[in-house]
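Enquirer: Input file: final.txt. Contents: compact mmCIF, C-alpha atoms and all ligand atoms.
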# COMPACT_ATOMS: atom_id res chain seq x y z
CA MET A 41 120.88 99.02 115.75
CA GLY A 42 117.07 99.00 115.70
CA SER A 43 116.26 100.83 112.51
CA VAL A 44 114.35 98.85 109.87
CA LYS A 45 114.56 99.48 106.14
CA VAL A 46 112.34 97.72 103.66
CA SER A 47 113.14 98.35 100.00
CA GLU A 48 110.96 97.40 97.04
CA LEU A 49 109.49 94.47 98.98
CA THR A 50 107.30 92.23 96.84
CA LYS A 51 105.58 89.02 97.90
CA GLU A 52 103.54 86.71 95.72
CA PHE A 53 101.62 83.68 96.97
CA SER A 54 100.80 81.46 94.01
CA GLY A 55 99.32 84.25 91.91
CA VAL A 56 98.25 86.55 94.78
CA HIS A 57 100.24 89.80 94.81
CA ALA A 58 100.25 90.29 98.58
CA LEU A 59 102.91 93.04 98.51
CA LYS A 60 103.93 95.33 95.66
CA ASN A 61 107.15 97.34 96.00
CA VAL A 62 106.72 98.25 99.65
CA ASN A 63 109.25 100.81 100.92
CA LEU A 64 109.58 101.66 104.61
CA ASP A 65 112.28 103.52 106.48
CA ILE A 66 111.66 103.04 110.19
CA ARG A 67 113.92 104.96 112.55
CA GLU A 68 115.56 103.58 115.62
CA GLY A 69 113.29 103.98 118.65
CA GLU A 70 110.26 104.82 116.52
CA PHE A 71 106.75 103.49 117.14
CA PHE A 72 105.60 102.74 113.61
CA ALA A 73 102.13 101.47 112.72
CA LEU A 74 101.07 99.55 109.61
CA LEU A 75 97.43 100.45 109.10
CA GLY A 76 94.99 99.27 106.47
CA PRO A 77 91.90 97.21 105.72
CA SER A 78 91.80 93.43 105.95
CA GLY A 79 93.95 91.71 103.31
CA CYS A 80 96.02 94.80 102.42
CA GLY A 81 99.33 93.10 103.30
CA LYS A 82 100.14 94.30 106.84
CA THR A 83 100.82 90.87 108.33
CA THR A 84 102.79 89.73 105.29
CA THR A 85 105.02 92.80 105.60
CA MET A 86 105.60 92.03 109.27
CA ARG A 87 106.21 88.32 108.63
CA CYS A 88 108.81 89.21 105.98
CA ILE A 89 110.58 91.50 108.48
CA ALA A 90 110.46 88.77 111.16
CA GLY A 91 111.75 86.18 108.68
CA PHE A 92 108.71 83.88 108.73
CA GLU A 93 108.07 84.67 105.07
CA GLN A 94 110.67 84.90 102.29
CA PRO A 95 110.10 87.92 100.02
CA THR A 96 109.69 87.26 96.30
CA SER A 97 111.99 90.24 95.79
CA GLY A 98 113.23 93.27 97.67
CA MET A 99 115.52 93.89 100.59
CA ILE A 100 115.02 93.99 104.35
CA GLN A 101 117.61 95.60 106.57
CA ILE A 102 117.69 95.69 110.38
CA GLY A 103 120.25 98.20 111.58
CA GLU A 104 123.09 97.99 109.08
CA THR A 105 122.53 94.31 108.33
CA LYS A 106 120.69 92.89 105.34
CA VAL A 107 118.62 90.11 106.91
CA ASN A 108 116.93 88.45 103.89
CA HIS A 109 118.87 85.23 104.44
CA ILE A 110 119.13 85.35 108.21
CA PRO A 111 116.75 82.93 110.04
CA PRO A 112 114.01 84.43 112.26
CA ASN A 113 115.68 83.51 115.58
CA LYS A 114 118.84 85.39 114.58
CA ARG A 115 117.14 88.62 113.51
CA ASN A 116 116.85 90.01 117.01
CA CYS A 117 113.12 90.67 116.67
CA GLY A 118 110.57 90.09 119.45
CA MET A 119 107.06 89.13 118.33
CA VAL A 120 103.69 89.63 120.00
CA PHE A 121 100.71 88.04 118.29
CA GLN A 122 96.97 88.60 118.46
CA SER A 123 96.55 85.08 119.86
CA TYR A 124 99.23 85.62 122.60
CA ALA A 125 100.68 82.13 121.82
CA LEU A 126 101.49 81.39 125.48
CA PHE A 127 102.16 77.95 126.96
CA PRO A 128 98.99 77.21 128.98
CA HIS A 129 100.64 74.54 131.15
CA MET A 130 103.37 76.92 132.32
CA ASN A 131 103.03 79.67 134.84
CA VAL A 132 103.69 83.33 134.09
CA PHE A 133 107.31 83.20 135.20
CA GLU A 134 108.04 80.08 133.14
CA ASN A 135 106.45 81.54 130.02
CA VAL A 136 108.69 84.58 130.22
CA ALA A 137 111.78 82.64 131.30
CA TYR A 138 111.37 79.98 128.62
CA SER A 139 113.10 81.60 125.70
CA LEU A 140 115.70 83.22 127.92
CA ASN A 141 116.54 79.87 129.46
CA ILE A 142 116.85 78.18 126.08
CA LYS A 143 118.97 81.06 124.79
CA GLN A 144 121.31 80.81 127.77
CA LEU A 145 121.58 77.03 127.59
CA ASN A 146 122.22 77.21 123.88
CA SER A 147 124.99 79.70 124.31
CA SER A 148 126.74 77.86 127.17
CA ASN A 149 129.14 74.99 126.52
CA MET A 150 127.16 72.77 128.83
CA ALA A 151 123.99 73.19 126.90
CA ALA A 152 124.75 70.81 124.10
CA LYS A 153 125.58 68.08 126.58
CA LEU A 154 122.63 68.64 128.89
CA PRO A 155 119.88 66.14 128.06
CA ILE A 156 116.56 67.82 127.32
CA TYR A 157 114.78 65.96 130.17
CA LEU A 158 117.25 67.42 132.64
CA ARG A 159 116.58 70.90 131.35
CA LEU A 160 112.85 70.30 131.65
CA LEU A 161 113.22 68.85 135.15
CA ASN A 162 115.29 71.83 136.10
CA ARG A 163 112.53 74.11 134.92
CA LYS A 164 109.87 72.10 136.71
CA LEU A 165 111.70 72.43 140.00
CA GLY A 166 111.86 76.15 139.45
CA LYS A 167 115.65 76.15 139.40
CA TYR A 168 116.61 78.98 137.19
CA PRO A 169 120.02 80.59 137.20
CA LYS A 170 119.96 83.71 139.37
CA PRO A 171 120.49 86.20 136.51
CA ILE A 172 117.53 84.71 134.62
CA GLU A 173 115.34 84.87 137.70
CA GLN A 174 116.27 88.49 138.30
CA LYS A 175 115.71 89.50 134.72
CA VAL A 176 112.32 87.79 134.48
CA MET A 177 111.10 89.32 137.73
CA GLU A 178 112.31 92.73 136.60
CA ILE A 179 110.35 92.53 133.37
CA LEU A 180 107.28 91.15 135.18
CA GLN A 181 107.38 94.14 137.51
CA TYR A 182 107.54 96.31 134.45
CA VAL A 183 104.29 94.91 133.06
CA GLU A 184 102.82 94.77 136.59
CA LEU A 185 102.56 91.00 136.72
CA ASP A 186 105.21 90.20 139.32
CA LYS A 187 102.52 89.32 141.85
CA HIS A 188 101.09 86.75 139.42
CA ALA A 189 104.42 85.08 138.61
CA THR A 190 103.32 81.64 139.80
CA ARG A 191 99.87 81.66 138.21
CA LEU A 192 99.14 79.53 135.17
CA THR A 193 98.60 81.71 132.13
CA SER A 194 95.28 79.95 131.52
CA GLU A 195 94.08 81.51 134.79
CA LEU A 196 94.75 85.06 133.64
CA SER A 197 92.49 87.65 132.02
CA GLY A 198 93.00 88.56 128.34
CA GLY A 199 94.81 91.79 129.23
CA GLN A 200 97.11 89.98 131.66
CA GLN A 201 97.87 87.29 129.07
CA GLN A 202 98.75 89.98 126.57
CA ARG A 203 101.13 91.53 129.10
CA VAL A 204 102.81 88.12 129.57
CA ALA A 205 103.25 87.92 125.79
CA LEU A 206 104.75 91.41 125.82
CA ALA A 207 107.08 90.53 128.72
CA ARG A 208 108.17 87.37 126.92
CA ALA A 209 109.12 89.37 123.85
CA LEU A 210 110.83 92.15 125.81
CA VAL A 211 112.87 89.91 128.09
CA MET A 212 114.99 88.92 125.07
CA GLU A 213 115.97 92.59 124.66
CA PRO A 214 115.21 92.55 120.93
CA ALA A 215 116.36 95.36 118.68
CA VAL A 216 112.88 95.49 117.14
CA LEU A 217 109.49 94.66 118.64
CA LEU A 218 106.91 93.40 116.14
CA MET A 219 103.27 93.42 117.24
CA ASP A 220 100.53 91.95 115.05
CA GLU A 221 97.04 93.14 116.08
CA PRO A 222 97.99 92.58 119.73
CA LEU A 223 94.85 94.19 121.16
CA SER A 224 92.20 92.68 118.89
CA ASN A 225 91.01 90.09 121.40
CA LEU A 226 90.49 92.58 124.21
CA ASP A 227 87.32 94.45 125.07
CA GLN A 228 87.08 98.17 124.37
CA LYS A 229 88.04 99.38 127.88
CA LEU A 230 91.00 97.04 128.21
CA ARG A 231 92.24 97.94 124.74
CA HIS A 232 92.38 101.52 125.82
CA SER A 233 94.45 100.87 128.93
CA MET A 234 96.71 98.40 127.08
CA ARG A 235 97.40 101.07 124.43
CA ASN A 236 98.75 103.29 127.19
CA THR A 237 100.75 100.45 128.77
CA ILE A 238 102.39 99.49 125.47
CA ARG A 239 103.16 103.09 124.57
CA ARG A 240 104.64 103.78 128.04
CA ILE A 241 106.88 100.72 127.90
CA GLN A 242 107.93 101.42 124.32
CA GLN A 243 108.90 104.98 125.23
CA ASP A 244 110.70 103.96 128.42
CA LEU A 245 112.76 101.35 126.62
CA GLY A 246 113.09 103.33 123.39
CA ILE A 247 112.59 100.12 121.46
CA THR A 248 111.82 100.30 117.74
CA THR A 249 108.28 98.98 117.42
CA ILE A 250 106.25 97.98 114.38
CA PHE A 251 102.59 97.63 115.19
CA VAL A 252 100.04 96.10 112.79
CA THR A 253 96.44 97.19 113.15
CA HIS A 254 93.31 97.78 111.10
CA ASP A 255 92.01 100.17 113.77
CA GLN A 256 92.79 103.75 112.78
CA GLU A 257 92.17 105.11 116.26
CA GLU A 258 94.69 102.66 117.67
CA ALA A 259 97.31 103.58 115.07
CA MET A 260 96.73 107.31 115.41
CA SER A 261 96.79 107.34 119.20
CA MET A 262 99.92 105.21 119.60
CA ALA A 263 102.27 105.65 116.68
CA ASP A 264 104.90 108.28 115.90
CA ARG A 265 104.30 107.55 112.21
CA VAL A 266 101.80 105.46 110.33
CA ALA A 267 102.01 103.74 106.94
CA VAL A 268 98.57 103.35 105.39
CA MET A 269 98.41 100.28 103.15
CA ASP A 270 95.88 99.17 100.57
CA SER A 271 95.97 96.27 98.08
CA GLY A 272 99.57 95.37 98.91
CA GLU A 273 100.89 98.91 98.51
CA VAL A 274 101.91 101.66 100.90
CA LYS A 275 99.66 104.58 100.01
CA GLN A 276 100.96 107.22 102.43
CA ILE A 277 103.37 107.50 105.35
CA GLY A 278 103.12 110.31 107.87
CA THR A 279 102.58 111.38 111.44
CA PRO A 280 98.97 111.00 112.64
CA ILE A 281 98.49 114.77 112.25
CA GLU A 282 99.88 114.77 108.69
CA LEU A 283 97.64 111.88 107.66
CA TYR A 284 94.58 113.49 109.16
CA SER A 285 95.17 117.01 107.88
CA LYS A 286 96.76 116.21 104.50
CA PRO A 287 95.52 112.84 103.26
CA SER A 288 96.93 112.20 99.80
CA THR A 289 93.88 110.36 98.43
CA PRO A 290 90.13 110.11 99.17
CA PHE A 291 90.79 106.53 100.35
CA ILE A 292 93.12 107.79 103.09
CA ALA A 293 90.81 110.67 103.95
CA ASN A 294 88.09 108.10 104.57
CA PHE A 295 90.22 105.47 106.22
CA VAL A 296 91.90 107.85 108.64
CA GLY A 297 88.94 109.48 110.35
CA THR A 298 85.66 110.39 108.69
CA SER A 299 85.60 112.64 105.64
CA ASN A 300 83.15 114.25 103.29
CA VAL A 301 84.32 113.80 99.72
CA LEU A 302 82.65 115.83 96.95
CA LYS A 303 83.55 115.85 93.26
CA GLY A 304 84.14 119.21 91.63
CA THR A 305 85.92 121.24 88.96
CA VAL A 306 88.25 124.16 89.62
CA VAL A 307 86.61 127.02 87.69
CA GLY A 308 88.98 129.82 88.63
CA GLU A 309 90.70 131.84 91.32
CA GLU A 310 89.30 134.67 93.42
CA ASN A 311 91.19 136.71 96.05
CA GLY A 312 93.73 133.92 96.47
CA TYR A 313 91.10 131.17 96.77
CA SER A 314 90.59 128.30 94.33
CA VAL A 315 86.93 128.26 93.32
CA VAL A 316 85.45 124.79 92.84
CA LYS A 317 82.10 124.12 91.26
CA GLY A 318 80.27 120.89 91.87
CA HIS A 319 76.75 119.60 91.48
CA GLY A 320 74.69 121.94 93.68
CA PHE A 321 77.58 123.79 95.37
CA LEU A 322 80.30 126.36 94.84
CA ILE A 323 83.15 126.21 97.32
CA LYS A 324 86.34 128.18 97.92
CA SER A 325 89.57 126.74 99.18
CA THR A 326 92.97 128.12 100.14
CA ASN A 327 94.39 124.94 98.62
CA HIS A 328 95.80 125.21 95.08
CA VAL A 329 96.24 122.22 92.81
CA GLN A 330 97.45 121.62 89.25
CA GLN A 331 94.50 119.62 87.96
CA LYS A 332 90.96 120.85 87.20
CA GLU A 333 88.96 117.83 88.31
CA VAL A 334 89.27 117.52 92.08
CA ASN A 335 87.99 115.74 95.15
CA VAL A 336 86.89 118.25 97.75
CA ILE A 337 87.67 116.88 101.21
CA VAL A 338 86.10 118.37 104.33
CA ARG A 339 86.21 116.85 107.82
CA PRO A 340 82.88 116.70 109.71
CA GLU A 341 84.14 118.97 112.50
CA ASN A 342 85.05 121.66 109.97
CA ILE A 343 81.46 122.24 108.86
CA LYS A 344 79.12 124.38 110.92
CA ALA A 345 75.35 124.05 110.68
CA PHE A 346 72.96 126.98 111.14
CA LYS A 347 69.25 127.54 110.93
CA PRO A 348 68.68 129.71 107.81
CA GLY A 349 69.25 133.40 108.48
CA THR A 350 71.28 132.94 111.67
CA ILE A 351 74.78 132.91 110.18
CA SER A 352 77.15 135.51 111.62
CA SER A 353 78.85 137.89 109.15
CA ASP A 354 82.34 136.37 109.53
CA GLU A 355 81.05 133.01 108.28
CA LEU A 356 80.00 134.16 104.83
CA THR A 357 82.77 132.71 102.61
CA ASN A 358 81.37 129.24 101.92
CA ILE A 359 77.68 128.65 102.40
CA ILE A 360 75.91 125.49 101.26
CA GLU A 361 72.23 124.70 101.74
CA GLY A 362 70.95 121.32 102.82
CA THR A 363 68.34 119.32 104.72
CA VAL A 364 68.89 117.42 107.96
CA LEU A 365 68.36 113.68 107.40
CA VAL A 366 69.40 112.35 110.78
CA SER A 367 70.63 113.98 113.96
CA THR A 368 72.43 111.86 116.53
CA TYR A 369 73.27 113.04 120.01
CA LEU A 370 76.65 111.54 121.02
CA GLY A 371 77.30 113.25 124.35
CA SER A 372 79.85 115.97 123.71
CA ILE A 373 78.94 116.28 120.02
CA VAL A 374 75.86 116.12 117.83
CA ARG A 375 76.39 114.34 114.51
CA TYR A 376 74.16 115.36 111.60
CA ASP A 377 73.70 113.59 108.27
CA ILE A 378 72.75 116.35 105.85
CA GLN A 379 71.54 115.96 102.30
CA VAL A 380 73.15 118.41 99.86
CA GLU A 381 72.04 117.53 96.33
CA GLU A 382 73.36 113.98 95.72
CA TYR A 383 75.71 114.06 98.73
CA GLN A 384 75.06 113.08 102.31
CA LEU A 385 77.45 115.16 104.36
CA VAL A 386 78.46 114.29 107.92
CA VAL A 387 78.63 117.30 110.21
CA ASP A 388 79.85 117.21 113.82
CA THR A 389 78.93 120.11 116.06
CA THR A 390 79.83 120.63 119.71
CA PHE A 391 76.83 120.05 121.91
CA VAL A 392 76.04 123.13 123.98
CA PRO A 393 73.57 122.43 126.82
CA GLY A 394 70.45 124.53 126.38
CA GLU A 395 71.04 125.02 122.64
CA ALA A 396 68.45 123.39 120.37
CA ILE A 397 69.48 120.40 118.27
CA LEU A 398 68.47 120.65 114.60
CA THR A 399 65.70 118.25 113.78
CA GLU A 400 65.17 115.84 110.91
CA GLY A 401 63.69 117.46 107.81
CA GLU A 402 64.84 120.93 108.85
CA ARG A 403 66.53 123.14 106.22
CA VAL A 404 70.05 124.24 107.21
CA GLN A 405 72.85 126.43 105.99
CA LEU A 406 76.32 124.99 106.26
CA THR A 407 79.46 127.08 106.43
CA ILE A 408 83.01 125.89 105.80
CA ASP A 409 86.22 127.80 106.41
CA PRO A 410 88.16 127.82 103.06
CA GLU A 411 91.32 126.95 105.00
CA ARG A 412 89.69 123.67 105.99
CA VAL A 413 88.79 122.67 102.44
CA LEU A 414 91.35 120.28 101.00
CA LEU A 415 91.55 119.65 97.26
CA ILE A 416 93.00 116.37 96.03
P1 LIG A 501 94.23 91.10 108.06
O1 LIG A 501 94.06 92.47 108.68
O2 LIG A 501 92.92 90.48 107.66
O3 LIG A 501 95.09 90.19 108.87
P2 LIG A 501 96.46 91.81 106.33
O4 LIG A 501 96.43 93.23 105.90
O5 LIG A 501 97.38 91.47 107.44
O6 LIG A 501 94.99 91.32 106.64
P3 LIG A 501 97.80 89.74 104.87
O7 LIG A 501 97.50 88.68 105.85
O8 LIG A 501 99.18 90.25 104.81
O9 LIG A 501 96.80 90.96 105.04
O10 LIG A 501 97.39 89.19 103.42
C1 LIG A 501 97.64 89.92 102.23
C2 LIG A 501 97.13 89.10 101.05
O11 LIG A 501 97.93 87.94 100.89
C3 LIG A 501 95.70 88.61 101.21
O12 LIG A 501 95.08 88.64 99.95
C4 LIG A 501 95.88 87.18 101.68
O13 LIG A 501 94.79 86.39 101.32
C5 LIG A 501 97.15 86.77 100.96
N1 LIG A 501 97.91 85.75 101.72
C6 LIG A 501 98.50 85.93 102.93
N2 LIG A 501 99.14 84.80 103.31
C7 LIG A 501 98.94 83.90 102.32
C8 LIG A 501 99.35 82.54 102.11
N3 LIG A 501 100.11 81.91 102.99
N4 LIG A 501 98.97 81.94 100.96
C9 LIG A 501 98.22 82.59 100.04
N5 LIG A 501 97.81 83.86 100.17
C10 LIG A 501 98.16 84.52 101.30
Take the structure I supplied and represent it as structure tokens, if you would.

Expert:
Amino acid sequence: MGSVKVSELTKEFSGVHALKNVNLDIREGEFFALLGPSGCGKTTTMRCIAGFEQPTSGMIQIGETKVNHIPPNKRNCGMVFQSYALFPHMNVFENVAYSLNIKQLNSSNMAAKLPIYLRLLNRKLGKYPKPIEQKVMEILQYVELDKHATRLTSELSGGQQQRVALARALVMEPAVLLMDEPLSNLDQKLRHSMRNTIRRIQQDLGITTIFVTHDQEEAMSMADRVAVMDSGEVKQIGTPIELYSKPSTPFIANFVGTSNVLKGTVVGEENGYSVVKGHGFLIKSTNHVQQKEVNVIVRPENIKAFKPGTISSDELTNIIEGTVLVSTYLGSIVRYDIQVEEYQLVVDTTFVPGEAILTEGERVQLTIDPERVLLI
């Protein structure tokens, strides 16, 4: 029911190629994130799935049904926006009950005959059919807002408003939940707790969720799989661990976490290692690639920094010399910017109380485990 398939999706806006042959295969019950820089096409992809945008070409399927020509309100998708889009003059209960009430009235025979003012009056008096009342209160309990049911949404905090928006989408029991940058307006601490709330609810309900964000930490911490987009194209799809450990391009290596990217040439093989020569370094990798010209990718936490002459004998495979430019104490880690020829490498080391931090201008030797050197 809740799987989503997007095939060769293309969208042009008067000359702007917003999407180019986007393919996604989102499984039922999956938490799927669309991640990428501003303008890469995340929102357009989501709006095409929701039905607010007509694709220029390509197919969108929800469950077994092709939905290209089905209007948004019949696609069985719930939407949560960055701006919440709540009714400020209604209380929490009314905001959540609103769409449910309309849906029920629309589907009953009476609905067509009931003048709109009567419906509104009914709502004003708080007379909701019992099943609606029960369902709304149930969902409000779920997002921990049942005690605020009678409060106006304009009197709520940002996090509470976002939970009302979530409840309003969930109460319709959609097959797919679409969330477009839902946490962007919240402060750092609240974002963190809302991430956990959304993930908990998504897992409890097992609802297929597509989550748009430009924040890699958000995508990586919440999603089962992530599609990284750039310039209207999907560049890589994978689990957070796959994207982090095996980025397919330097762009992804840099967008998903921090990476050091060095240019080099594979000059041969030695004891099962590829040997790569670059300007001012020679590095071995357990990675083997077809091409000669490569990008050498190393994560900051996979480089160790030593004062010259203090390297232990089991660290001798890859040694590079450099000079500390900046050292930054960040609590549990110390981050160093280290100049190696034309490169400034980022190196993260665990902070050990009592151990000296390398100082600016100091010469260092860096070691890198060949298994942690990725060649692209
Ligand atoms: P952001 O993170 O900034 O919201 P995004 O990745 O969601 O960006 P989109 O909003 O999907 O990106 O936009 C993709 C491209 O399509 C951009 O170049 C944008 O300017 C363009 N675009 C989006 N909507 C329209 C529109 N209605 N008319 C013209 N161009 C549009």

Enquirer: Report the distance between atom CA of A:Leu59 and atom CA of A:Glu273 in Å, rounded to one decimal place.

Expert: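 Between atom CA of A:Leu59 and atom CA of A:Glu273 the gap is 6.2 Å.
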
Enquirer: Which polymer residues, protein or nucleic acid, are no farther than 9 Å from (102.7, 98.9, 115.3), counting all atoms listed in the file, as number ranges by chain?

Expert: A: 71-75, 217-221, 249-253, 259, 262-263, 266

Enquirer: Just want the residues within 12 Å of ligand LIG 501 (chain A), written as a ChimeraX atom specification, counting only C-alpha atoms and all ligand atoms.

Expert: /A:50-60,74-88,92-95,121-122,219-222,224,251-255,267-274

Enquirer: Residues near stretch 233-244 of chain A, anyone? I mean within 8 Å using all atoms listed in the file, not counting same-chain ones fewer than 4 positions away, as a PyMOL selection string.

Expert: chain A and resi 69+71+182-183+199+223+229+248-249+258+262

Enquirer: To one decimal place in Å, what is the distance between atom CA of A:Glu309 and atom CA of A:Ser288?

Expert: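 Between atom CA of A:Glu309 and atom CA of A:Ser288 the gap works out to 22.3 Å.
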
Enquirer: Report, in Å with one decimal, the straight-line distance from atom CA of A:Leu365 to atom CA of A:Gly304.

Expert: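 Here the two named atoms are 23.0 Å from each other.
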
Enquirer: Residues at most 7 Å from A:Asn63, counting all atoms listed in the file, excluding those fewer than 6 positions away in the same chain, as a VMD selection string?

Expert: chain A and resid 46 to 49

Enquirer: Please list as a PyMOL selection string every residue within 6 Å of stretch 408-413 of chain A, counting all atoms listed in the file and excluding residues in the same chain fewer than 5 positions away.

Expert: chain A and resi 324-326+338+343+358
